[in-house]
Amino acid sequence: MASGVSDLAKDYSGLSSLASAAGSFAKVASDNAIVASSLAASALGEAGSMSGLVKTDPAGFSSASTAACNASIAASSASVAVAMAMNSLNSVVSAANTQHMIDDASNAASAASTAAGSAALTSQAVSNTGSIANSISSMASQYSGDSALSGVASTAIGLASSASSAAKAASEAASTASSAASVASSAASAGNSNAASAASVSAKDASTAANSASSIASSANSTLNSLSTSVANINMNDNSSAAASNSTAASSAASSAKADSINAESVANSIKSAASDYPSDTTLSSAANTAGSLASDASSAASVANSASSVASSAAAIASSAASAGNSSAASTAASTASSAATIASSAASAASTASNALNSLGNVAASAHIKNDMSVIASDSAVTNSLAKDYPSDATLSGQNTSLATINGSATGQSTAASTAVSVASTASTAYSSAVANGDSAAVSTASTAFSNANKSLASAASAITDLKNQANSLKNSAMIQHAGDDVADAASSATSAKTNVATPVLNRQLFRP
């Protein structure tokens, strides 16, 4: 029995005093039991010797009788002591059992409380793991081409899932511990030590399970937070790089828009100049009006692109500073601003390019109209000179001028044919360019752009040559007219001299033959 109390004391140190008392009472009972046994044996021995002394030694018989009586009394006293010690031992054992049950119930309640605390902390710790995982997934998807972010989304989701599962396990363990604590309390109240002990062990095991689940959740949450920090840093750097890239793109777009605006203004001025040469040509006057509007559109687009480029540049600087300072929110906002600015710049550059391309096409129309007018002037000058030459076929100068004009006319016709070919090539290249842009074929875009540019150069060259030939034709015509006027004066003088001679001759004859 004393060893049973000692075993109970091994579970709870608070029972050590009872275990010590039980040992003491057990020793007292054992010692008195030995004494009682020895005295009883002595009494029996004395009683046995008494039968032989009754007749032979009355005094010895009396002495033996007294000894036997005393031994019996002593043995009885020892037995009473044993009984009293055993009663005390039973009381100690009962108290130990009762206290052990109370301790079991208390231990179960403590384990349940610990489990509940672990579950609560775990629940709180994992409450935002889902949002952290979603944030990581969002950052990873923003720059999917970054190899450093490969697989982080699935890792984050896995960690969040592990944390959530561990939190659930901790909650279930806490519930189990609570139920076990309730059973232990009821068993202790009912004096059912076995049930109380089993319930206490169950509560302790559940508490251990809750704590283990809490550790798993805490580890997953810690890893998830570290991953979030790492991804945020990578994302900040990506935002900074993206902002810088968008700034470069916006700057390039602004430069392109500026170049298109300058080209548009140049072409518009050329068209206006061509229209001023032939103010009565409605095709040229209409082209000049449209050219002014398109040049204005290109200029406005270039201004928008330039402003957007400035915004993108500022945003890139902010994103870089924010990334260095670890301000992910500011870096993200700046990157978004740079991206929007780059989009605006690109759109504006596209508008400037559209206006410039439209002006190039319109320039071809104006050039063709101007060539047509120049050819008409050359043809008219040629016809006039040819007519003048016919009046004085013997005038070598007029004949030479007429021949030169015929040559100029032929050259102009050849240049006109070249111009028509260039216009056709430019039109084909323009169509090919639009198709290539729509299909995103950069190689085809480059080829078509080069073909269009070369055709425009050929057209400009032909138009310039025809204008020079027109000026030459006009100069020759004017010279021919002067030459013709001279011939007219000479012919008139000759005719006047001839008429005077014809009138004076008859008068002279009459004077010679007057009687």
# chains A, B, ... in the order shown; residues from 1 in each chain; ligands from 1
$ residues_around --residues "range 162-166 of chain A" --least-positions-apart "4" --cutoff "6 Å" --atoms "only C-alpha atoms" --output "list in words"
Ala213, Ala217 and Ala220 of chain A
$ write_last_selection --atoms "all heavy atoms" --output "PDB file, in the first residue's frame"
ATOM      1  N   ALA A 213       0.940  21.368 -33.034  1.00  0.00           N
ATOM      2  CA  ALA A 213       0.270  21.982 -34.195  1.00  0.00           C
ATOM      3  C   ALA A 213       0.543  23.474 -34.240  1.00  0.00           C
ATOM      4  O   ALA A 213       0.749  24.060 -35.313  1.00  0.00           O
ATOM      5  CB  ALA A 213      -1.238  21.730 -34.126  1.00  0.00           C
ATOM      6  N   ALA A 217       2.241  25.573 -37.240  1.00  0.00           N
ATOM      7  CA  ALA A 217       1.606  26.761 -37.824  1.00  0.00           C
ATOM      8  C   ALA A 217       2.517  27.971 -37.706  1.00  0.00           C
ATOM      9  O   ALA A 217       2.641  28.772 -38.640  1.00  0.00           O
ATOM     10  CB  ALA A 217       0.278  27.036 -37.118  1.00  0.00           C
ATOM     11  N   ALA A 220       5.275  27.681 -40.270  1.00  0.00           N
ATOM     12  CA  ALA A 220       4.763  27.963 -41.621  1.00  0.00           C
ATOM     13  C   ALA A 220       4.505  29.456 -41.790  1.00  0.00           C
ATOM     14  O   ALA A 220       4.820  30.049 -42.836  1.00  0.00           O
ATOM     15  CB  ALA A 220       3.479  27.177 -41.867  1.00  0.00           C
TER      16      ALA A 220
END
$ residues_around --residues "Ala209 in chain A" --least-positions-apart "6" --cutoff "9 Å" --atoms "only C-alpha atoms" --output "list in words"
Ala115, Ala169, Ala170, Ala173 and Ala174 of chain A
$ atom_distance --atom1 "CA of Ser131 in chain A" --atom2 "CA of Ala116 in chain A"
24.6 Å
$ closest_residue --among "A:Asn194, A:Ser449, A:Asn128, A:Ser137" --to "Thr428 in chain A" --atoms "only C-alpha atoms"
A:Ser449
$ residues_around --residues "Ser255 in chain A" --least-positions-apart "5" --cutoff "9 Å" --atoms "only C-alpha atoms" --output "ChimeraX atom specification"
/A:250,260,302,305-306,349
$ write_last_selection --atoms "all heavy atoms" --output "compact mmCIF listing (two decimals), in the first residue's frame"
# COMPACT_ATOMS: atom_id res chain seq x y z
N ALA A 250 9.01 55.76 -72.90
CA ALA A 250 8.30 57.04 -73.04
C ALA A 250 9.20 58.08 -73.70
O ALA A 250 8.76 58.86 -74.56
CB ALA A 250 7.84 57.54 -71.68
N ASP A 260 8.43 63.02 -85.91
CA ASP A 260 7.25 63.00 -86.80
C ASP A 260 6.65 64.39 -86.91
O ASP A 260 6.17 64.80 -87.97
CB ASP A 260 6.21 62.02 -86.26
CG ASP A 260 6.55 60.57 -86.59
OD1 ASP A 260 7.21 60.35 -87.62
OD2 ASP A 260 6.18 59.68 -85.81
N ALA A 302 3.08 65.45 -80.16
CA ALA A 302 4.47 65.47 -79.71
C ALA A 302 4.57 66.14 -78.34
O ALA A 302 5.36 65.71 -77.48
CB ALA A 302 5.33 66.23 -80.72
N ALA A 305 3.33 63.64 -75.77
CA ALA A 305 4.33 62.60 -75.58
C ALA A 305 5.49 63.11 -74.73
O ALA A 305 6.01 62.40 -73.86
CB ALA A 305 4.85 62.12 -76.93
N ASN A 306 5.88 64.35 -74.97
CA ASN A 306 6.98 64.94 -74.20
C ASN A 306 6.61 65.09 -72.73
O ASN A 306 7.41 64.79 -71.83
CB ASN A 306 7.35 66.30 -74.79
CG ASN A 306 8.57 66.91 -74.13
OD1 ASN A 306 9.65 66.34 -74.17
ND2 ASN A 306 8.39 68.07 -73.51
N ALA A 349 2.66 59.21 -79.55
CA ALA A 349 3.63 58.98 -80.63
C ALA A 349 2.94 58.34 -81.83
O ALA A 349 3.23 58.66 -82.99
CB ALA A 349 4.77 58.09 -80.14
$ residues_around --residues "Gly292 in chain A" --least-positions-apart "5" --cutoff "12 Å" --atoms "only C-alpha atoms" --output "list in words"
Ser261, Ala264, Glu265, Ser266, Val267, Ala268, Asn269, Ser270, Ile271, Lys272, Ser273, Ser285, Ser286, Ala287, Asp297, Ala298, Ser299, Ala355, Ser356, Ala358, Leu359, Leu362 and Gly363 of chain A
$ closest_residue --among "A:Ile157, A:Met139, A:Ala274, A:Ala188" --to "Val231 in chain A" --atoms "only C-alpha atoms"
A:Met139
$ closest_residue --among "A:Thr122, A:Asn357, A:Ala490, A:Ala83" --to "Ala291 in chain A" --atoms "only C-alpha atoms"
A:Asn357
$ residues_around --residues "Ser175 in chain A" --least-positions-apart "6" --cutoff "10 Å" --atoms "only C-alpha atoms" --output "VMD selection string"
chain A and resid 112 115 to 116 119 169 181 203 206 to 207 210
$ residues_around --residues "range 223-227 of chain A" --least-positions-apart "4" --cutoff "12 Å" --atoms "only C-alpha atoms" --output "PyMOL selection string"
chain A and resi 125-126+128-137+139-140+148-149+151-163+216-219+231-235
$ residues_around --residues "Ile318 in chain A" --least-positions-apart "3" --cutoff "8 Å" --atoms "only C-alpha atoms" --output "ChimeraX atom specification"
/A:314-315,321-322,330-331,334
$ decode --residues "range 335-369 of chain A" --atoms "N, CA, C and O atoms" --output "PDB file, in the first residue's frame"
ATOM      1  N   ALA A 335       5.761  52.799 -60.251  1.00  0.00           N
ATOM      2  CA  ALA A 335       5.867  51.937 -61.435  1.00  0.00           C
ATOM      3  C   ALA A 335       4.586  51.997 -62.258  1.00  0.00           C
ATOM      4  O   ALA A 335       4.625  52.032 -63.499  1.00  0.00           O
ATOM      5  N   SER A 336       3.459  52.023 -61.554  1.00  0.00           N
ATOM      6  CA  SER A 336       2.168  52.120 -62.238  1.00  0.00           C
ATOM      7  C   SER A 336       2.049  53.452 -62.975  1.00  0.00           C
ATOM      8  O   SER A 336       1.555  53.517 -64.108  1.00  0.00           O
ATOM      9  N   THR A 337       2.519  54.519 -62.318  1.00  0.00           N
ATOM     10  CA  THR A 337       2.486  55.856 -62.933  1.00  0.00           C
ATOM     11  C   THR A 337       3.360  55.890 -64.184  1.00  0.00           C
ATOM     12  O   THR A 337       2.961  56.428 -65.223  1.00  0.00           O
ATOM     13  N   ALA A 338       4.546  55.295 -64.070  1.00  0.00           N
ATOM     14  CA  ALA A 338       5.463  55.260 -65.219  1.00  0.00           C
ATOM     15  C   ALA A 338       4.865  54.457 -66.367  1.00  0.00           C
ATOM     16  O   ALA A 338       4.996  54.833 -67.546  1.00  0.00           O
ATOM     17  N   SER A 339       4.206  53.364 -66.018  1.00  0.00           N
ATOM     18  CA  SER A 339       3.576  52.528 -67.044  1.00  0.00           C
ATOM     19  C   SER A 339       2.472  53.289 -67.774  1.00  0.00           C
ATOM     20  O   SER A 339       2.372  53.253 -69.005  1.00  0.00           O
ATOM     21  N   SER A 340       1.641  53.990 -66.995  1.00  0.00           N
ATOM     22  CA  SER A 340       0.552  54.776 -67.593  1.00  0.00           C
ATOM     23  C   SER A 340       1.114  55.889 -68.471  1.00  0.00           C
ATOM     24  O   SER A 340       0.613  56.146 -69.576  1.00  0.00           O
ATOM     25  N   ALA A 341       2.175  56.539 -67.975  1.00  0.00           N
ATOM     26  CA  ALA A 341       2.792  57.624 -68.748  1.00  0.00           C
ATOM     27  C   ALA A 341       3.380  57.090 -70.048  1.00  0.00           C
ATOM     28  O   ALA A 341       3.274  57.728 -71.105  1.00  0.00           O
ATOM     29  N   ALA A 342       4.000  55.917 -69.967  1.00  0.00           N
ATOM     30  CA  ALA A 342       4.580  55.306 -71.166  1.00  0.00           C
ATOM     31  C   ALA A 342       3.487  54.969 -72.178  1.00  0.00           C
ATOM     32  O   ALA A 342       3.669  55.129 -73.395  1.00  0.00           O
ATOM     33  N   THR A 343       2.352  54.514 -71.663  1.00  0.00           N
ATOM     34  CA  THR A 343       1.222  54.189 -72.545  1.00  0.00           C
ATOM     35  C   THR A 343       0.713  55.459 -73.232  1.00  0.00           C
ATOM     36  O   THR A 343       0.418  55.459 -74.435  1.00  0.00           O
ATOM     37  N   ILE A 344       0.614  56.541 -72.453  1.00  0.00           N
ATOM     38  CA  ILE A 344       0.167  57.820 -73.014  1.00  0.00           C
ATOM     39  C   ILE A 344       1.158  58.311 -74.073  1.00  0.00           C
ATOM     40  O   ILE A 344       0.770  58.764 -75.151  1.00  0.00           O
ATOM     41  N   ALA A 345       2.453  58.201 -73.737  1.00  0.00           N
ATOM     42  CA  ALA A 345       3.493  58.645 -74.681  1.00  0.00           C
ATOM     43  C   ALA A 345       3.441  57.825 -75.956  1.00  0.00           C
ATOM     44  O   ALA A 345       3.562  58.359 -77.075  1.00  0.00           O
ATOM     45  N   SER A 346       3.239  56.531 -75.795  1.00  0.00           N
ATOM     46  CA  SER A 346       3.166  55.643 -76.956  1.00  0.00           C
ATOM     47  C   SER A 346       1.957  55.983 -77.825  1.00  0.00           C
ATOM     48  O   SER A 346       2.042  56.017 -79.061  1.00  0.00           O
ATOM     49  N   SER A 347       0.825  56.248 -77.160  1.00  0.00           N
ATOM     50  CA  SER A 347      -0.392  56.608 -77.885  1.00  0.00           C
ATOM     51  C   SER A 347      -0.207  57.928 -78.622  1.00  0.00           C
ATOM     52  O   SER A 347      -0.619  58.076 -79.779  1.00  0.00           O
ATOM     53  N   ALA A 348       0.434  58.879 -77.936  1.00  0.00           N
ATOM     54  CA  ALA A 348       0.678  60.185 -78.559  1.00  0.00           C
ATOM     55  C   ALA A 348       1.637  60.050 -79.733  1.00  0.00           C
ATOM     56  O   ALA A 348       1.460  60.687 -80.782  1.00  0.00           O
ATOM     57  N   ALA A 349       2.663  59.212 -79.549  1.00  0.00           N
ATOM     58  CA  ALA A 349       3.629  58.981 -80.631  1.00  0.00           C
ATOM     59  C   ALA A 349       2.941  58.343 -81.830  1.00  0.00           C
ATOM     60  O   ALA A 349       3.235  58.665 -82.988  1.00  0.00           O
ATOM     61  N   SER A 350       2.005  57.455 -81.542  1.00  0.00           N
ATOM     62  CA  SER A 350       1.242  56.809 -82.608  1.00  0.00           C
ATOM     63  C   SER A 350       0.400  57.836 -83.359  1.00  0.00           C
ATOM     64  O   SER A 350       0.300  57.804 -84.589  1.00  0.00           O
ATOM     65  N   ALA A 351      -0.193  58.774 -82.587  1.00  0.00           N
ATOM     66  CA  ALA A 351      -1.007  59.827 -83.207  1.00  0.00           C
ATOM     67  C   ALA A 351      -0.135  60.731 -84.078  1.00  0.00           C
ATOM     68  O   ALA A 351      -0.527  61.122 -85.188  1.00  0.00           O
ATOM     69  N   ALA A 352       1.059  61.065 -83.566  1.00  0.00           N
ATOM     70  CA  ALA A 352       1.978  61.903 -84.343  1.00  0.00           C
ATOM     71  C   ALA A 352       2.419  61.180 -85.608  1.00  0.00           C
ATOM     72  O   ALA A 352       2.512  61.774 -86.693  1.00  0.00           O
ATOM     73  N   SER A 353       2.666  59.868 -85.468  1.00  0.00           N
ATOM     74  CA  SER A 353       3.077  59.063 -86.627  1.00  0.00           C
ATOM     75  C   SER A 353       1.964  58.988 -87.660  1.00  0.00           C
ATOM     76  O   SER A 353       2.202  59.078 -88.872  1.00  0.00           O
ATOM     77  N   THR A 354       0.730  58.845 -87.160  1.00  0.00           N
ATOM     78  CA  THR A 354      -0.426  58.779 -88.072  1.00  0.00           C
ATOM     79  C   THR A 354      -0.566  60.091 -88.836  1.00  0.00           C
ATOM     80  O   THR A 354      -0.785  60.088 -90.061  1.00  0.00           O
ATOM     81  N   ALA A 355      -0.423  61.207 -88.126  1.00  0.00           N
ATOM     82  CA  ALA A 355      -0.524  62.522 -88.767  1.00  0.00           C
ATOM     83  C   ALA A 355       0.611  62.710 -89.777  1.00  0.00           C
ATOM     84  O   ALA A 355       0.410  63.217 -90.891  1.00  0.00           O
ATOM     85  N   SER A 356       1.819  62.273 -89.368  1.00  0.00           N
ATOM     86  CA  SER A 356       2.977  62.413 -90.252  1.00  0.00           C
ATOM     87  C   SER A 356       2.818  61.548 -91.508  1.00  0.00           C
ATOM     88  O   SER A 356       3.116  61.994 -92.626  1.00  0.00           O
ATOM     89  N   ASN A 357       2.345  60.324 -91.314  1.00  0.00           N
ATOM     90  CA  ASN A 357       2.133  59.431 -92.463  1.00  0.00           C
ATOM     91  C   ASN A 357       1.060  59.980 -93.395  1.00  0.00           C
ATOM     92  O   ASN A 357       1.177  59.908 -94.625  1.00  0.00           O
ATOM     93  N   ALA A 358       0.006  60.535 -92.781  1.00  0.00           N
ATOM     94  CA  ALA A 358      -1.067  61.116 -93.594  1.00  0.00           C
ATOM     95  C   ALA A 358      -0.525  62.305 -94.393  1.00  0.00           C
ATOM     96  O   ALA A 358      -0.879  62.509 -95.574  1.00  0.00           O
ATOM     97  N   LEU A 359       0.340  63.075 -93.749  1.00  0.00           N
ATOM     98  CA  LEU A 359       0.943  64.214 -94.446  1.00  0.00           C
ATOM     99  C   LEU A 359       1.871  63.750 -95.565  1.00  0.00           C
ATOM    100  O   LEU A 359       1.948  64.377 -96.628  1.00  0.00           O
ATOM    101  N   ASN A 360       2.603  62.680 -95.319  1.00  0.00           N
ATOM    102  CA  ASN A 360       3.472  62.146 -96.373  1.00  0.00           C
ATOM    103  C   ASN A 360       2.651  61.745 -97.594  1.00  0.00           C
ATOM    104  O   ASN A 360       3.019  62.039 -98.734  1.00  0.00           O
ATOM    105  N   SER A 361       1.530  61.070 -97.331  1.00  0.00           N
ATOM    106  CA  SER A 361       0.653  60.670 -98.429  1.00  0.00           C
ATOM    107  C   SER A 361       0.051  61.898 -99.119  1.00  0.00           C
ATOM    108  O   SER A 361      -0.041  61.967-100.348  1.00  0.00           O
ATOM    109  N   LEU A 362      -0.348  62.866 -98.284  1.00  0.00           N
ATOM    110  CA  LEU A 362      -0.917  64.098 -98.831  1.00  0.00           C
ATOM    111  C   LEU A 362       0.156  64.858 -99.617  1.00  0.00           C
ATOM    112  O   LEU A 362      -0.138  65.488-100.641  1.00  0.00           O
ATOM    113  N   GLY A 363       1.381  64.772 -99.106  1.00  0.00           N
ATOM    114  CA  GLY A 363       2.487  65.406 -99.819  1.00  0.00           C
ATOM    115  C   GLY A 363       2.679  64.809-101.195  1.00  0.00           C
ATOM    116  O   GLY A 363       2.996  65.527-102.170  1.00  0.00           O
ATOM    117  N   ASN A 364       2.479  63.508-101.303  1.00  0.00           N
ATOM    118  CA  ASN A 364       2.582  62.852-102.610  1.00  0.00           C
ATOM    119  C   ASN A 364       1.475  63.335-103.552  1.00  0.00           C
ATOM    120  O   ASN A 364       1.710  63.542-104.748  1.00  0.00           O
ATOM    121  N   VAL A 365       0.286  63.501-102.977  1.00  0.00           N
ATOM    122  CA  VAL A 365      -0.839  64.006-103.783  1.00  0.00           C
ATOM    123  C   VAL A 365      -0.516  65.416-104.275  1.00  0.00           C
ATOM    124  O   VAL A 365      -0.719  65.755-105.446  1.00  0.00           O
ATOM    125  N   ALA A 366      -0.011  66.258-103.344  1.00  0.00           N
ATOM    126  CA  ALA A 366       0.324  67.633-103.715  1.00  0.00           C
ATOM    127  C   ALA A 366       1.453  67.665-104.736  1.00  0.00           C
ATOM    128  O   ALA A 366       1.437  68.473-105.689  1.00  0.00           O
ATOM    129  N   ALA A 367       2.442  66.797-104.528  1.00  0.00           N
ATOM    130  CA  ALA A 367       3.561  66.745-105.466  1.00  0.00           C
ATOM    131  C   ALA A 367       3.077  66.351-106.859  1.00  0.00           C
ATOM    132  O   ALA A 367       3.507  66.930-107.875  1.00  0.00           O
ATOM    133  N   SER A 368       2.174  65.377-106.897  1.00  0.00           N
ATOM    134  CA  SER A 368       1.630  64.936-108.193  1.00  0.00           C
ATOM    135  C   SER A 368       0.860  66.069-108.866  1.00  0.00           C
ATOM    136  O   SER A 368       0.971  66.294-110.080  1.00  0.00           O
ATOM    137  N   ALA A 369       0.069  66.805-108.047  1.00  0.00           N
ATOM    138  CA  ALA A 369      -0.698  67.930-108.599  1.00  0.00           C
ATOM    139  C   ALA A 369       0.245  69.030-109.085  1.00  0.00           C
ATOM    140  O   ALA A 369       0.018  69.642-110.138  1.00  0.00           O
TER     141      ALA A 369
END
